[in-house]
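Content type mmCIF, C-alpha atoms, from the file start_11.cif:
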```cif
data_upload
#
loop_
_atom_site.group_PDB
_atom_site.id
_atom_site.type_symbol
_atom_site.label_atom_id
_atom_site.label_comp_id
_atom_site.auth_asym_id
_atom_site.auth_seq_id
_atom_site.Cartn_x
_atom_site.Cartn_y
_atom_site.Cartn_z
ATOM 1 C CA MET M 1 0.000 0.000 0.000
ATOM 2 C CA VAL M 2 1.541 3.274 -1.156
ATOM 3 C CA TYR M 3 -0.469 5.654 1.046
ATOM 4 C CA ASN M 4 -1.749 5.337 4.590
ATOM 5 C CA TRP M 5 -5.116 7.005 4.028
ATOM 6 C CA SER M 6 -6.047 6.857 7.707
ATOM 7 C CA LYS M 7 -3.610 9.747 8.308
ATOM 8 C CA TYR M 8 -5.630 12.090 6.113
ATOM 9 C CA ASP M 9 -8.633 12.655 8.348
ATOM 10 C CA GLY M 10 -10.520 15.714 9.578
ATOM 11 C CA LYS M 11 -7.615 16.736 11.809
ATOM 12 C CA TYR M 12 -5.264 16.689 8.814
ATOM 13 C CA TYR M 13 -7.505 18.962 6.734
ATOM 14 C CA LEU M 14 -8.178 21.319 9.642
ATOM 15 C CA ASN M 15 -4.455 21.676 10.331
ATOM 16 C CA GLY M 16 -3.757 22.156 6.639
ATOM 17 C CA ALA M 17 -6.349 24.924 6.460
ATOM 18 C CA LEU M 18 -5.002 26.636 9.594
ATOM 19 C CA CYS M 19 -1.395 26.457 8.356
ATOM 20 C CA GLY M 20 -2.517 27.813 4.992
ATOM 21 C CA GLY M 21 -4.332 30.717 6.598
ATOM 22 C CA ILE M 22 -1.339 31.581 8.754
ATOM 23 C CA CYS M 23 1.217 31.402 5.947
ATOM 24 C CA CYS M 24 -0.861 33.513 3.548
ATOM 25 C CA SER M 25 -1.745 36.119 6.166
ATOM 26 C CA ILE M 26 1.877 36.543 7.270
ATOM 27 C CA THR M 27 3.404 36.704 3.793
ATOM 28 C CA HIS M 28 0.792 38.976 2.206
ATOM 29 C CA GLY M 29 0.783 41.224 5.261
ATOM 30 C CA ALA M 30 4.590 41.498 5.256
ATOM 31 C CA LEU M 31 4.617 42.422 1.577
ATOM 32 C CA CYS M 32 1.792 44.974 1.868
ATOM 33 C CA PRO M 33 4.160 47.920 1.107
ATOM 34 C CA VAL M 34 5.276 46.205 -2.105
ATOM 35 C CA ASP M 35 1.651 45.606 -3.072
ATOM 36 C CA VAL M 36 0.765 49.265 -2.408
ATOM 37 C CA VAL M 37 3.515 50.404 -4.776
ATOM 38 C CA LYS M 38 2.637 47.742 -7.367
ATOM 39 C CA THR M 39 -1.029 48.749 -7.287
ATOM 40 C CA ARG M 40 -0.156 52.444 -7.679
ATOM 41 C CA ILE M 41 1.940 51.629 -10.762
ATOM 42 C CA GLN M 42 -0.935 49.632 -12.261
ATOM 43 C CA LEU M 43 -3.519 52.329 -11.519
ATOM 44 C CA ASP M 44 -1.470 55.293 -12.802
ATOM 45 C CA SER M 45 1.524 54.221 -14.892
ATOM 46 C CA VAL M 46 1.937 57.783 -16.237
ATOM 47 C CA LYS M 47 2.483 59.327 -12.810
ATOM 48 C CA TYR M 48 4.367 56.390 -11.295
ATOM 49 C CA GLN M 49 7.219 55.471 -13.620
ATOM 50 C CA GLY M 50 10.374 53.580 -12.751
ATOM 51 C CA GLY M 51 11.291 50.622 -10.591
ATOM 52 C CA LEU M 52 9.812 49.420 -7.342
ATOM 53 C CA LEU M 53 12.216 51.380 -5.123
ATOM 54 C CA SER M 54 11.997 54.653 -7.020
ATOM 55 C CA VAL M 55 8.193 54.593 -7.124
ATOM 56 C CA GLY M 56 8.140 53.632 -3.436
ATOM 57 C CA ARG M 57 10.275 56.651 -2.581
ATOM 58 C CA GLN M 58 7.970 58.848 -4.683
ATOM 59 C CA VAL M 59 4.864 57.593 -2.881
ATOM 60 C CA VAL M 60 6.458 58.070 0.560
ATOM 61 C CA ALA M 61 7.662 61.570 -0.340
ATOM 62 C CA GLU M 62 4.171 62.593 -1.427
ATOM 63 C CA GLU M 63 2.067 60.916 1.254
ATOM 64 C CA GLY M 64 4.334 59.769 4.095
ATOM 65 C CA ALA M 65 5.642 56.346 5.100
ATOM 66 C CA SER M 66 2.352 55.311 6.702
ATOM 67 C CA VAL M 67 0.769 55.049 3.253
ATOM 68 C CA LEU M 68 2.757 51.848 2.679
ATOM 69 C CA ALA M 69 0.576 50.139 5.293
ATOM 70 C CA THR M 70 -2.626 51.095 3.467
ATOM 71 C CA GLY M 71 -4.926 48.094 3.207
ATOM 72 C CA LEU M 72 -2.952 46.025 5.711
ATOM 73 C CA GLY M 73 -6.092 45.021 7.640
ATOM 74 C CA PRO M 74 -8.071 43.696 4.653
ATOM 75 C CA THR M 75 -4.895 42.106 3.304
ATOM 76 C CA ALA M 76 -4.086 40.155 6.467
ATOM 77 C CA MET M 77 -7.699 39.177 7.095
ATOM 78 C CA GLY M 78 -8.575 38.427 3.484
ATOM 79 C CA TYR M 79 -5.564 36.275 2.811
ATOM 80 C CA PHE M 80 -5.977 34.359 6.074
ATOM 81 C CA VAL M 81 -9.442 33.389 4.876
ATOM 82 C CA GLN M 82 -8.206 32.709 1.359
ATOM 83 C CA GLY M 83 -5.214 30.706 2.576
ATOM 84 C CA TRP M 84 -7.509 28.657 4.817
ATOM 85 C CA PHE M 85 -9.616 27.540 1.861
ATOM 86 C CA LYS M 86 -6.794 27.512 -0.721
ATOM 87 C CA PHE M 87 -4.228 25.386 1.107
ATOM 88 C CA GLY M 88 -6.787 23.351 3.068
ATOM 89 C CA GLY M 89 -8.965 22.843 0.004
ATOM 90 C CA ASN M 90 -6.001 21.972 -2.176
ATOM 91 C CA GLU M 91 -4.936 19.235 0.236
ATOM 92 C CA PHE M 92 -8.525 17.936 0.435
ATOM 93 C CA PHE M 93 -9.174 17.793 -3.312
ATOM 94 C CA LYS M 94 -5.679 16.486 -4.108
ATOM 95 C CA ILE M 95 -6.042 13.583 -1.690
ATOM 96 C CA GLN M 96 -9.623 12.795 -2.727
ATOM 97 C CA PHE M 97 -8.675 12.748 -6.419
ATOM 98 C CA THR M 98 -5.686 10.521 -5.666
ATOM 99 C CA LYS M 99 -7.810 8.090 -3.639
ATOM 100 C CA SER M 100 -10.457 7.855 -6.356
ATOM 101 C CA LEU M 101 -7.974 7.226 -9.179
ATOM 102 C CA GLY M 102 -5.773 4.646 -7.468
ATOM 103 C CA ASP M 103 -2.026 4.643 -6.830
ATOM 104 C CA GLN M 104 -0.618 4.161 -10.341
ATOM 105 C CA LYS M 105 -3.131 6.286 -12.228
ATOM 106 C CA ALA M 106 -2.776 9.054 -9.660
ATOM 107 C CA TRP M 107 1.002 9.038 -10.087
ATOM 108 C CA ASP M 108 0.640 9.138 -13.882
ATOM 109 C CA MET M 109 -1.876 11.992 -13.610
ATOM 110 C CA LYS M 110 -0.267 13.912 -10.755
ATOM 111 C CA THR M 111 -0.013 17.147 -12.748
ATOM 112 C CA PRO M 112 -3.717 17.178 -13.775
ATOM 113 C CA ILE M 113 -4.590 16.308 -10.169
ATOM 114 C CA MET M 114 -2.562 19.263 -8.873
ATOM 115 C CA LEU M 115 -4.132 21.575 -11.445
ATOM 116 C CA GLY M 116 -7.693 20.412 -10.770
ATOM 117 C CA ALA M 117 -7.378 20.370 -6.981
ATOM 118 C CA SER M 118 -5.922 23.871 -6.822
ATOM 119 C CA ALA M 119 -8.570 25.259 -9.218
ATOM 120 C CA CYS M 120 -11.433 23.849 -7.103
ATOM 121 C CA ALA M 121 -9.881 25.160 -3.892
ATOM 122 C CA GLU M 122 -9.223 28.613 -5.321
ATOM 123 C CA PHE M 123 -12.760 29.075 -6.634
ATOM 124 C CA ILE M 124 -14.138 28.531 -3.123
ATOM 125 C CA ALA M 125 -11.462 30.752 -1.581
ATOM 126 C CA ASP M 126 -12.199 33.643 -3.953
ATOM 127 C CA ILE M 127 -15.830 33.842 -2.859
ATOM 128 C CA PHE M 128 -14.561 34.852 0.576
ATOM 129 C CA LEU M 129 -11.542 36.880 -0.593
ATOM 130 C CA CYS M 130 -13.259 39.158 -3.116
ATOM 131 C CA PRO M 131 -14.995 41.577 -0.660
ATOM 132 C CA LEU M 132 -11.780 42.093 1.317
ATOM 133 C CA GLU M 133 -9.694 42.533 -1.822
ATOM 134 C CA ALA M 134 -12.171 45.117 -3.132
ATOM 135 C CA ALA M 135 -11.886 47.027 0.159
ATOM 136 C CA ARG M 136 -8.078 46.890 0.059
ATOM 137 C CA ILE M 137 -7.820 48.189 -3.501
ATOM 138 C CA ARG M 138 -10.327 50.977 -2.853
ATOM 139 C CA GLN M 139 -8.316 52.050 0.200
ATOM 140 C CA VAL M 140 -5.108 52.131 -1.861
ATOM 141 C CA SER M 141 -6.663 54.006 -4.793
ATOM 142 C CA ASP M 142 -8.829 56.453 -2.784
ATOM 143 C CA PRO M 143 -7.084 58.237 0.144
ATOM 144 C CA THR M 144 -10.474 59.428 1.458
ATOM 145 C CA PHE M 145 -11.870 55.921 1.818
ATOM 146 C CA PRO M 146 -12.334 54.512 5.381
ATOM 147 C CA LYS M 147 -9.163 52.817 6.641
ATOM 148 C CA GLY M 148 -10.762 50.236 8.917
ATOM 149 C CA THR M 149 -11.379 46.849 7.303
ATOM 150 C CA LEU M 150 -15.003 46.432 8.378
ATOM 151 C CA ALA M 151 -15.749 50.117 7.808
ATOM 152 C CA ALA M 152 -14.372 49.922 4.263
ATOM 153 C CA MET M 153 -16.437 46.831 3.472
ATOM 154 C CA GLN M 154 -19.574 48.403 4.949
ATOM 155 C CA THR M 155 -19.029 51.605 2.972
ATOM 156 C CA LEU M 156 -18.687 49.649 -0.275
ATOM 157 C CA VAL M 157 -22.034 47.912 0.299
ATOM 158 C CA GLN M 158 -23.766 51.144 1.334
ATOM 159 C CA ARG M 159 -22.574 53.003 -1.758
ATOM 160 C CA GLU M 160 -22.709 50.290 -4.397
ATOM 161 C CA GLY M 161 -24.599 47.297 -2.998
ATOM 162 C CA LEU M 162 -23.180 43.777 -3.252
ATOM 163 C CA MET M 163 -21.553 44.737 -6.555
ATOM 164 C CA GLY M 164 -19.250 46.901 -4.473
ATOM 165 C CA TRP M 165 -17.870 43.669 -3.044
ATOM 166 C CA TYR M 166 -18.072 41.536 -6.169
ATOM 167 C CA ALA M 167 -17.445 43.931 -9.059
ATOM 168 C CA GLY M 168 -14.037 42.309 -9.379
ATOM 169 C CA PHE M 169 -15.180 38.695 -8.887
ATOM 170 C CA PHE M 170 -14.761 37.697 -12.534
ATOM 171 C CA PRO M 171 -11.274 39.222 -12.904
ATOM 172 C CA ILE M 172 -10.259 37.836 -9.508
ATOM 173 C CA LEU M 173 -11.236 34.373 -10.744
ATOM 174 C CA CYS M 174 -9.325 34.983 -13.976
ATOM 175 C CA LYS M 175 -6.350 36.108 -11.918
ATOM 176 C CA GLN M 176 -6.398 33.743 -8.969
ATOM 177 C CA ILE M 177 -7.402 30.422 -10.543
ATOM 178 C CA PRO M 178 -4.607 30.353 -13.181
ATOM 179 C CA TYR M 179 -2.274 31.825 -10.562
ATOM 180 C CA THR M 180 -3.065 29.116 -8.023
ATOM 181 C CA MET M 181 -3.026 26.333 -10.618
ATOM 182 C CA ALA M 182 0.449 27.427 -11.717
ATOM 183 C CA LYS M 183 1.558 27.971 -8.133
ATOM 184 C CA PHE M 184 0.708 24.508 -6.837
ATOM 185 C CA ALA M 185 1.411 22.563 -10.032
ATOM 186 C CA VAL M 186 4.800 24.210 -10.698
ATOM 187 C CA GLN M 187 5.793 23.992 -7.028
ATOM 188 C CA GLY M 188 4.711 20.366 -6.770
ATOM 189 C CA THR M 189 6.403 19.354 -10.021
ATOM 190 C CA THR M 190 9.589 21.270 -9.205
ATOM 191 C CA GLU M 191 9.667 19.738 -5.722
ATOM 192 C CA ILE M 192 9.331 16.223 -7.177
ATOM 193 C CA GLU M 193 12.096 16.856 -9.716
ATOM 194 C CA ILE M 194 14.452 18.297 -7.086
ATOM 195 C CA TYR M 195 13.943 15.290 -4.832
ATOM 196 C CA LYS M 196 14.459 12.926 -7.802
ATOM 197 C CA ALA M 197 17.756 14.656 -8.637
ATOM 198 C CA LEU M 198 19.138 14.356 -5.106
ATOM 199 C CA PRO M 199 21.284 11.340 -4.185
ATOM 200 C CA TYR M 200 19.200 10.506 -1.096
ATOM 201 C CA LYS M 201 15.544 10.024 -0.245
ATOM 202 C CA ARG M 202 13.353 12.807 1.066
ATOM 203 C CA GLU M 203 12.761 10.848 4.271
ATOM 204 C CA GLU M 204 16.522 10.847 4.935
ATOM 205 C CA MET M 205 16.945 14.613 4.578
ATOM 206 C CA SER M 206 17.220 17.067 7.454
ATOM 207 C CA LYS M 207 14.555 19.676 8.144
ATOM 208 C CA GLY M 208 16.869 22.390 6.824
ATOM 209 C CA GLN M 209 17.414 20.554 3.535
ATOM 210 C CA LYS M 210 13.669 20.017 3.094
ATOM 211 C CA MET M 211 13.017 23.687 3.769
ATOM 212 C CA GLY M 212 15.591 24.566 1.115
ATOM 213 C CA VAL M 213 13.589 22.530 -1.391
ATOM 214 C CA SER M 214 10.365 24.238 -0.267
ATOM 215 C CA VAL M 215 11.847 27.729 -0.718
ATOM 216 C CA SER M 216 13.480 26.983 -4.092
ATOM 217 C CA SER M 217 10.426 25.313 -5.597
ATOM 218 C CA GLY M 218 8.164 27.973 -4.094
ATOM 219 C CA PHE M 219 10.091 30.881 -5.623
ATOM 220 C CA ILE M 220 10.082 29.276 -9.087
ATOM 221 C CA ALA M 221 6.358 28.614 -8.773
ATOM 222 C CA GLY M 222 5.697 32.178 -7.643
ATOM 223 C CA VAL M 223 7.416 33.750 -10.644
ATOM 224 C CA ALA M 224 5.551 31.446 -13.043
ATOM 225 C CA ALA M 225 2.233 32.216 -11.327
ATOM 226 C CA ALA M 226 2.890 35.969 -11.400
ATOM 227 C CA ILE M 227 3.542 36.017 -15.148
ATOM 228 C CA ILE M 228 0.472 33.909 -15.965
ATOM 229 C CA SER M 229 -1.947 35.899 -13.810
ATOM 230 C CA HIS M 230 -0.597 39.423 -14.335
ATOM 231 C CA PRO M 231 -3.050 40.680 -17.003
ATOM 232 C CA ALA M 232 -6.030 39.762 -14.808
ATOM 233 C CA ASP M 233 -4.297 41.279 -11.776
ATOM 234 C CA SER M 234 -3.975 44.553 -13.665
ATOM 235 C CA LEU M 235 -7.665 44.482 -14.595
ATOM 236 C CA LEU M 236 -8.621 43.721 -11.004
ATOM 237 C CA SER M 237 -6.631 46.693 -9.727
ATOM 238 C CA LYS M 238 -8.208 49.006 -12.286
ATOM 239 C CA ILE M 239 -11.849 47.894 -12.039
ATOM 240 C CA ASN M 240 -11.908 48.505 -8.285
ATOM 241 C CA LYS M 241 -10.897 52.113 -8.889
ATOM 242 C CA LYS M 242 -13.981 54.317 -8.736
ATOM 243 C CA GLY M 243 -15.338 55.193 -12.190
ATOM 244 C CA ALA M 244 -12.914 52.958 -14.084
ATOM 245 C CA GLY M 245 -14.314 51.575 -17.355
ATOM 246 C CA GLY M 246 -17.434 53.725 -17.395
ATOM 247 C CA ASP M 247 -20.883 53.117 -15.942
ATOM 248 C CA GLY M 248 -21.906 49.919 -17.712
ATOM 249 C CA GLY M 249 -21.932 46.340 -16.501
ATOM 250 C CA MET M 250 -18.872 44.510 -15.298
ATOM 251 C CA VAL M 251 -18.076 42.875 -18.654
ATOM 252 C CA SER M 252 -18.341 46.150 -20.577
ATOM 253 C CA ARG M 253 -16.244 47.942 -17.938
ATOM 254 C CA LEU M 254 -13.557 45.262 -18.193
ATOM 255 C CA ALA M 255 -13.606 45.497 -21.989
ATOM 256 C CA ASN M 256 -13.273 49.289 -21.844
ATOM 257 C CA ILE M 257 -10.368 49.087 -19.384
ATOM 258 C CA ALA M 258 -8.588 46.461 -21.507
ATOM 259 C CA LYS M 259 -9.071 48.565 -24.652
ATOM 260 C CA GLU M 260 -7.870 51.744 -22.966
ATOM 261 C CA THR M 261 -4.838 50.099 -21.402
ATOM 262 C CA GLY M 262 -3.774 47.825 -24.254
ATOM 263 C CA PHE M 263 -2.777 44.162 -24.089
ATOM 264 C CA VAL M 264 0.970 44.784 -23.835
ATOM 265 C CA LYS M 265 0.597 47.175 -20.900
ATOM 266 C CA LEU M 266 -1.807 44.801 -19.152
ATOM 267 C CA CYS M 267 0.838 42.075 -19.398
ATOM 268 C CA THR M 268 3.889 44.167 -18.500
ATOM 269 C CA THR M 269 2.988 47.197 -16.354
ATOM 270 C CA GLY M 270 4.106 46.418 -12.816
ATOM 271 C CA LEU M 271 5.227 42.895 -13.792
ATOM 272 C CA GLY M 272 8.775 43.248 -12.453
ATOM 273 C CA PRO M 273 7.714 44.280 -8.945
ATOM 274 C CA ARG M 274 5.004 41.627 -8.989
ATOM 275 C CA CYS M 275 7.447 38.836 -9.924
ATOM 276 C CA ILE M 276 9.690 39.873 -7.028
ATOM 277 C CA MET M 277 6.709 40.126 -4.715
ATOM 278 C CA ILE M 278 4.996 36.866 -5.700
ATOM 279 C CA GLY M 279 8.219 34.862 -5.982
ATOM 280 C CA THR M 280 9.270 35.915 -2.482
ATOM 281 C CA LEU M 281 5.747 35.573 -1.116
ATOM 282 C CA THR M 282 5.240 32.062 -2.520
ATOM 283 C CA ALA M 283 8.626 30.870 -1.296
ATOM 284 C CA GLY M 284 7.719 32.178 2.158
ATOM 285 C CA GLN M 285 4.306 30.536 2.061
ATOM 286 C CA PHE M 286 5.635 27.069 1.319
ATOM 287 C CA LEU M 287 8.425 27.533 3.864
ATOM 288 C CA ILE M 288 5.908 28.423 6.579
ATOM 289 C CA PHE M 289 3.349 25.815 5.504
ATOM 290 C CA ASP M 290 5.883 22.982 5.305
ATOM 291 C CA THR M 291 7.351 24.044 8.664
ATOM 292 C CA LEU M 292 4.011 24.325 10.473
ATOM 293 C CA MET M 293 2.465 21.063 9.256
ATOM 294 C CA PRO M 294 4.819 18.763 11.232
ATOM 295 C CA ILE M 295 4.601 21.107 14.235
ATOM 296 C CA MET M 296 0.833 20.558 14.094
ATOM 297 C CA GLY M 297 1.506 16.813 14.198
ATOM 298 C CA VAL M 298 0.618 15.933 10.599
ATOM 299 C CA GLU M 299 2.770 14.897 7.632
ATOM 300 C CA LYS M 300 2.133 16.748 4.388
ATOM 301 C CA PHE M 301 0.813 14.624 1.529
ATOM 302 C CA HIS M 302 3.387 13.788 -1.167
ATOM 303 C CA PHE M 303 2.882 11.865 -4.385
ATOM 304 C CA HIS M 304 4.749 8.547 -4.547
ATOM 305 C CA ASP M 305 5.738 6.439 -7.537
ATOM 306 C CA PRO M 306 4.193 2.985 -6.826
ATOM 307 C CA SER M 307 6.951 1.254 -8.789
ATOM 308 C CA LYS M 308 9.670 2.496 -6.449
ATOM 309 C CA PRO M 309 10.276 1.777 -2.761
ATOM 310 C CA HIS M 310 9.466 4.578 -0.321
#
```

As structure tokens, what does this structure read like?
Amino acid sequence: MVYNWSKYDGKYYLNGALCGGICCSITHGALCPVDVVKTRIQLDSVKYQGGLLSVGRQVVAEEGASVLATGLGPTAMGYFVQGWFKFGGNEFFKIQFTKSLGDQKAWDMKTPIMLGASACAEFIADIFLCPLEAARIRQVSDPTFPKGTLAAMQTLVQREGLMGWYAGFFPILCKQIPYTMAKFAVQGTTEIEIYKALPYKREEMSKGQKMGVSVSSGFIAGVAAAIISHPADSLLSKINKKGAGGDGGMVSRLANIAKETGFVKLCTTGLGPRCIMIGTLTAGQFLIFDTLMPIMGVEKFHFHDPSKPH
């Protein structure tokens, strides 16, 4: 028997969700200043030109250092909730798909399993993330908007109804689902290949060596995910800016924004800072997640080749 399925019970999924919430909240919260600068570049690329550091200095000079913490509350809260469902859901769907397919077929189809599991988990997570992300972006783009997380969310609903929370739901799905699919599939595949290339088994490695694999594979996955999801991330930043894209429905507003911005700018504006941000963030997430799981008393699920001893 390749897997001991009795280990993957309710406690396992609960711990996976908690570790996911913690790792996403910490990493996104820590990189909030980078995200503020990145969002400013996306929202006004004419005013904010240059690299991450130069634009950051410009923003601080104009508005003070405290502006770099704008949206920290919704960021930390939103990504705890998202991480809970994303990491916990990914583990749940990945294991359920593997169990249903059987050992050999699951090994042969490990990449589709990783892609499908992460997509299912992310869709659920985005339902809960979208209102908090809308509040964060509105706080960053509108200095007069309430700074408290709950106050910002309440103000959005009062002014615009539920669409104030979910105006960006379609672009957030377009951004987050490919992003998460790339993130988990690239990280998982890279992790497998690194372990295959090493002269000793994963079980024989020290904690430090395993963490090195987590960080390396996480950074590679983060850069890949950032590139794939960047056009939708740009649209999401712009559509949550008041008045962006006109007064029509969400689809027409998105089409207007895309036409006004241009495909090349959607793909490239702010991409450098975002690759740095997401690569670092993803490496940190997998480092924290893979560190916390054994502390919580559970062993993270890994795919195994049934034809080889383990």

* Asked: M:His28, M:Glu193, M:Leu271, M:Gly164: which is nearest Ala283 in chain M, counting all atoms listed in the file?
  ->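 Among M:His28, M:Glu193, M:Leu271, M:Gly164, it is M:His28 that comes nearest to Ala283 in chain M.
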
Residues proximal to (0.6, 23.1, -9.3) were defined as those with any atom within 12 Å of that point in the file's coordinates, counting only C-alpha atoms. Which are they, as an mmCIF file with C-alpha atoms, in the frame of the given file?
```cif
data_model
loop_
_atom_site.group_PDB
_atom_site.id
_atom_site.type_symbol
_atom_site.label_atom_id
_atom_site.label_comp_id
_atom_site.auth_asym_id
_atom_site.auth_seq_id
_atom_site.Cartn_x
_atom_site.Cartn_y
_atom_site.Cartn_z
ATOM 1 C CA PHE M 87 -4.228 25.386 1.107
ATOM 2 C CA ASN M 90 -6.001 21.972 -2.176
ATOM 3 C CA GLU M 91 -4.936 19.235 0.236
ATOM 4 C CA LYS M 94 -5.679 16.486 -4.108
ATOM 5 C CA LYS M 110 -0.267 13.912 -10.755
ATOM 6 C CA THR M 111 -0.013 17.147 -12.748
ATOM 7 C CA PRO M 112 -3.717 17.178 -13.775
ATOM 8 C CA ILE M 113 -4.590 16.308 -10.169
ATOM 9 C CA MET M 114 -2.562 19.263 -8.873
ATOM 10 C CA LEU M 115 -4.132 21.575 -11.445
ATOM 11 C CA GLY M 116 -7.693 20.412 -10.770
ATOM 12 C CA ALA M 117 -7.378 20.370 -6.981
ATOM 13 C CA SER M 118 -5.922 23.871 -6.822
ATOM 14 C CA ALA M 119 -8.570 25.259 -9.218
ATOM 15 C CA ALA M 121 -9.881 25.160 -3.892
ATOM 16 C CA GLU M 122 -9.223 28.613 -5.321
ATOM 17 C CA ILE M 177 -7.402 30.422 -10.543
ATOM 18 C CA PRO M 178 -4.607 30.353 -13.181
ATOM 19 C CA TYR M 179 -2.274 31.825 -10.562
ATOM 20 C CA THR M 180 -3.065 29.116 -8.023
ATOM 21 C CA MET M 181 -3.026 26.333 -10.618
ATOM 22 C CA ALA M 182 0.449 27.427 -11.717
ATOM 23 C CA LYS M 183 1.558 27.971 -8.133
ATOM 24 C CA PHE M 184 0.708 24.508 -6.837
ATOM 25 C CA ALA M 185 1.411 22.563 -10.032
ATOM 26 C CA VAL M 186 4.800 24.210 -10.698
ATOM 27 C CA GLN M 187 5.793 23.992 -7.028
ATOM 28 C CA GLY M 188 4.711 20.366 -6.770
ATOM 29 C CA THR M 189 6.403 19.354 -10.021
ATOM 30 C CA THR M 190 9.589 21.270 -9.205
ATOM 31 C CA GLU M 191 9.667 19.738 -5.722
ATOM 32 C CA ILE M 192 9.331 16.223 -7.177
ATOM 33 C CA SER M 217 10.426 25.313 -5.597
ATOM 34 C CA GLY M 218 8.164 27.973 -4.094
ATOM 35 C CA ILE M 220 10.082 29.276 -9.087
ATOM 36 C CA ALA M 221 6.358 28.614 -8.773
ATOM 37 C CA GLY M 222 5.697 32.178 -7.643
ATOM 38 C CA ALA M 224 5.551 31.446 -13.043
ATOM 39 C CA ALA M 225 2.233 32.216 -11.327
#
```

* Asked: Do you have the CA of Gly270 in chain M-CA of Lys38 in chain M distance handy?
  ->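 CA of Lys38 in chain M lies 5.8 Å from CA of Gly270 in chain M.
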
* **Interatomic distance, CA of Gly51 in chain M to CA of Leu254 in chain M (Å, one decimal)** =>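 Distance reported for this atom pair: 26.5 Å.
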
* Name the residues in contact with range 151-153 of chain M at a cut-off of 8 Å, using all atoms listed in the file, excluding same-chain residues fewer than 2 positions from it; report them as a list in words. =>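 Listed by chain and then number, they are Pro131, Leu132, Ala135, Gln139, Phe145, Pro146, Lys147, Gly148, Thr149, Thr155, Leu156, Val157 and Trp165 of chain M.
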
* Select, counting all atoms listed in the file, all protein, DNA and RNA residues no farther than 8 Å from (0.7, 47.4, -1.9) in file coordinates, and express the selection as a list in words. =>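 I get Leu31, Cys32, Pro33, Val34, Asp35, Val36, Val37, Lys38, Thr39, Arg40, Leu68, Ala69, Thr70, Gly71 and Val140 of chain M for the residues within 8 Å of that point.
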
* **Given only C-alpha atoms as the counted atoms, nearest of M:Val81, M:Leu235, M:Ile124, M:Met211 to Leu292 in chain M** =>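 With only C-alpha atoms as the atom set, the closest residue is M:Met211.
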
* Result set of the PyMOL selection byres ((chain M and resi 22) around 10) on the coordinates above, as a list in words -> Gly16, Ala17, Leu18, Cys19, Gly20, Gly21, Cys23, Cys24, Ser25, Ile26, Thr27, Ala76, Tyr79, Phe80, Val81, Gly83, Trp84, Gln285, Ile288, Phe289 and Leu292 of chain M

Report the centre and edge lengths, in Å to one decimal, of an axis-aligned box enclosing every atom of range 284-300 of chain M listed in the file, padded by 8 Å on each side, as JSON.
```
{"center_x": 4.5, "center_y": 23.5, "center_z": 7.8, "size_x": 23.8, "size_y": 33.3, "size_z": 28.9}
```

* Could you jot down the CA of Phe128 in chain M to CA of Thr261 in chain M separation for me, Å, one decimal place? =>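 Computing it gives 28.5 Å between the two atoms.
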
* **M:Thr144, M:Asn256, M:Phe123, M:Phe219 ranked by distance to Met277 in chain M, top pick (using only C-alpha atoms)** => M:Phe219

* Please write the residues picked by the PyMOL selection byres ((chain M and resi 4-9) around 10) on this file as number ranges by chain. => M: 1-3, 10-14, 91-92, 95-96, 99, 298-301

* Asked: For Leu72 in chain M, which residue out of M:Arg136, M:Arg57, M:Lys105, M:Lys86 is the nearest one, using all atoms listed in the file?
  -> M:Arg136

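Comparing M:Gly272, M:Gly64, M:Gly73, M:Pro294 by their smallest distance to Lys207 in chain M, the closest is M:Pro294 (using all atoms listed in the file).
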
* To do: Using all atoms listed in the file, pick whichever of M:Ser141, M:Thr280, M:Ser307, M:Gln104 has the shortest atom-to-atom distance to Ser216 in chain M.
  =>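 Result for the nearest residue to Ser216 in chain M: M:Thr280.
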
* Counting all atoms listed in the file, what is within 9 Å of Trp107 in chain M, bar same-chain residues fewer than 3 positions away, as a VMD selection string? -> chain M and resid 98 102 to 104 110 to 111 303 to 306

Only C-alpha atoms, please: the residues just picked out, written as a compact mmCIF listing (two decimals), in the frame of the given file.
```txt
# COMPACT_ATOMS: atom_id res chain seq x y z
CA THR M 98 -5.69 10.52 -5.67
CA GLY M 102 -5.77 4.65 -7.47
CA ASP M 103 -2.03 4.64 -6.83
CA GLN M 104 -0.62 4.16 -10.34
CA LYS M 110 -0.27 13.91 -10.76
CA THR M 111 -0.01 17.15 -12.75
CA PHE M 303 2.88 11.86 -4.38
CA HIS M 304 4.75 8.55 -4.55
CA ASP M 305 5.74 6.44 -7.54
CA PRO M 306 4.19 2.98 -6.83
```
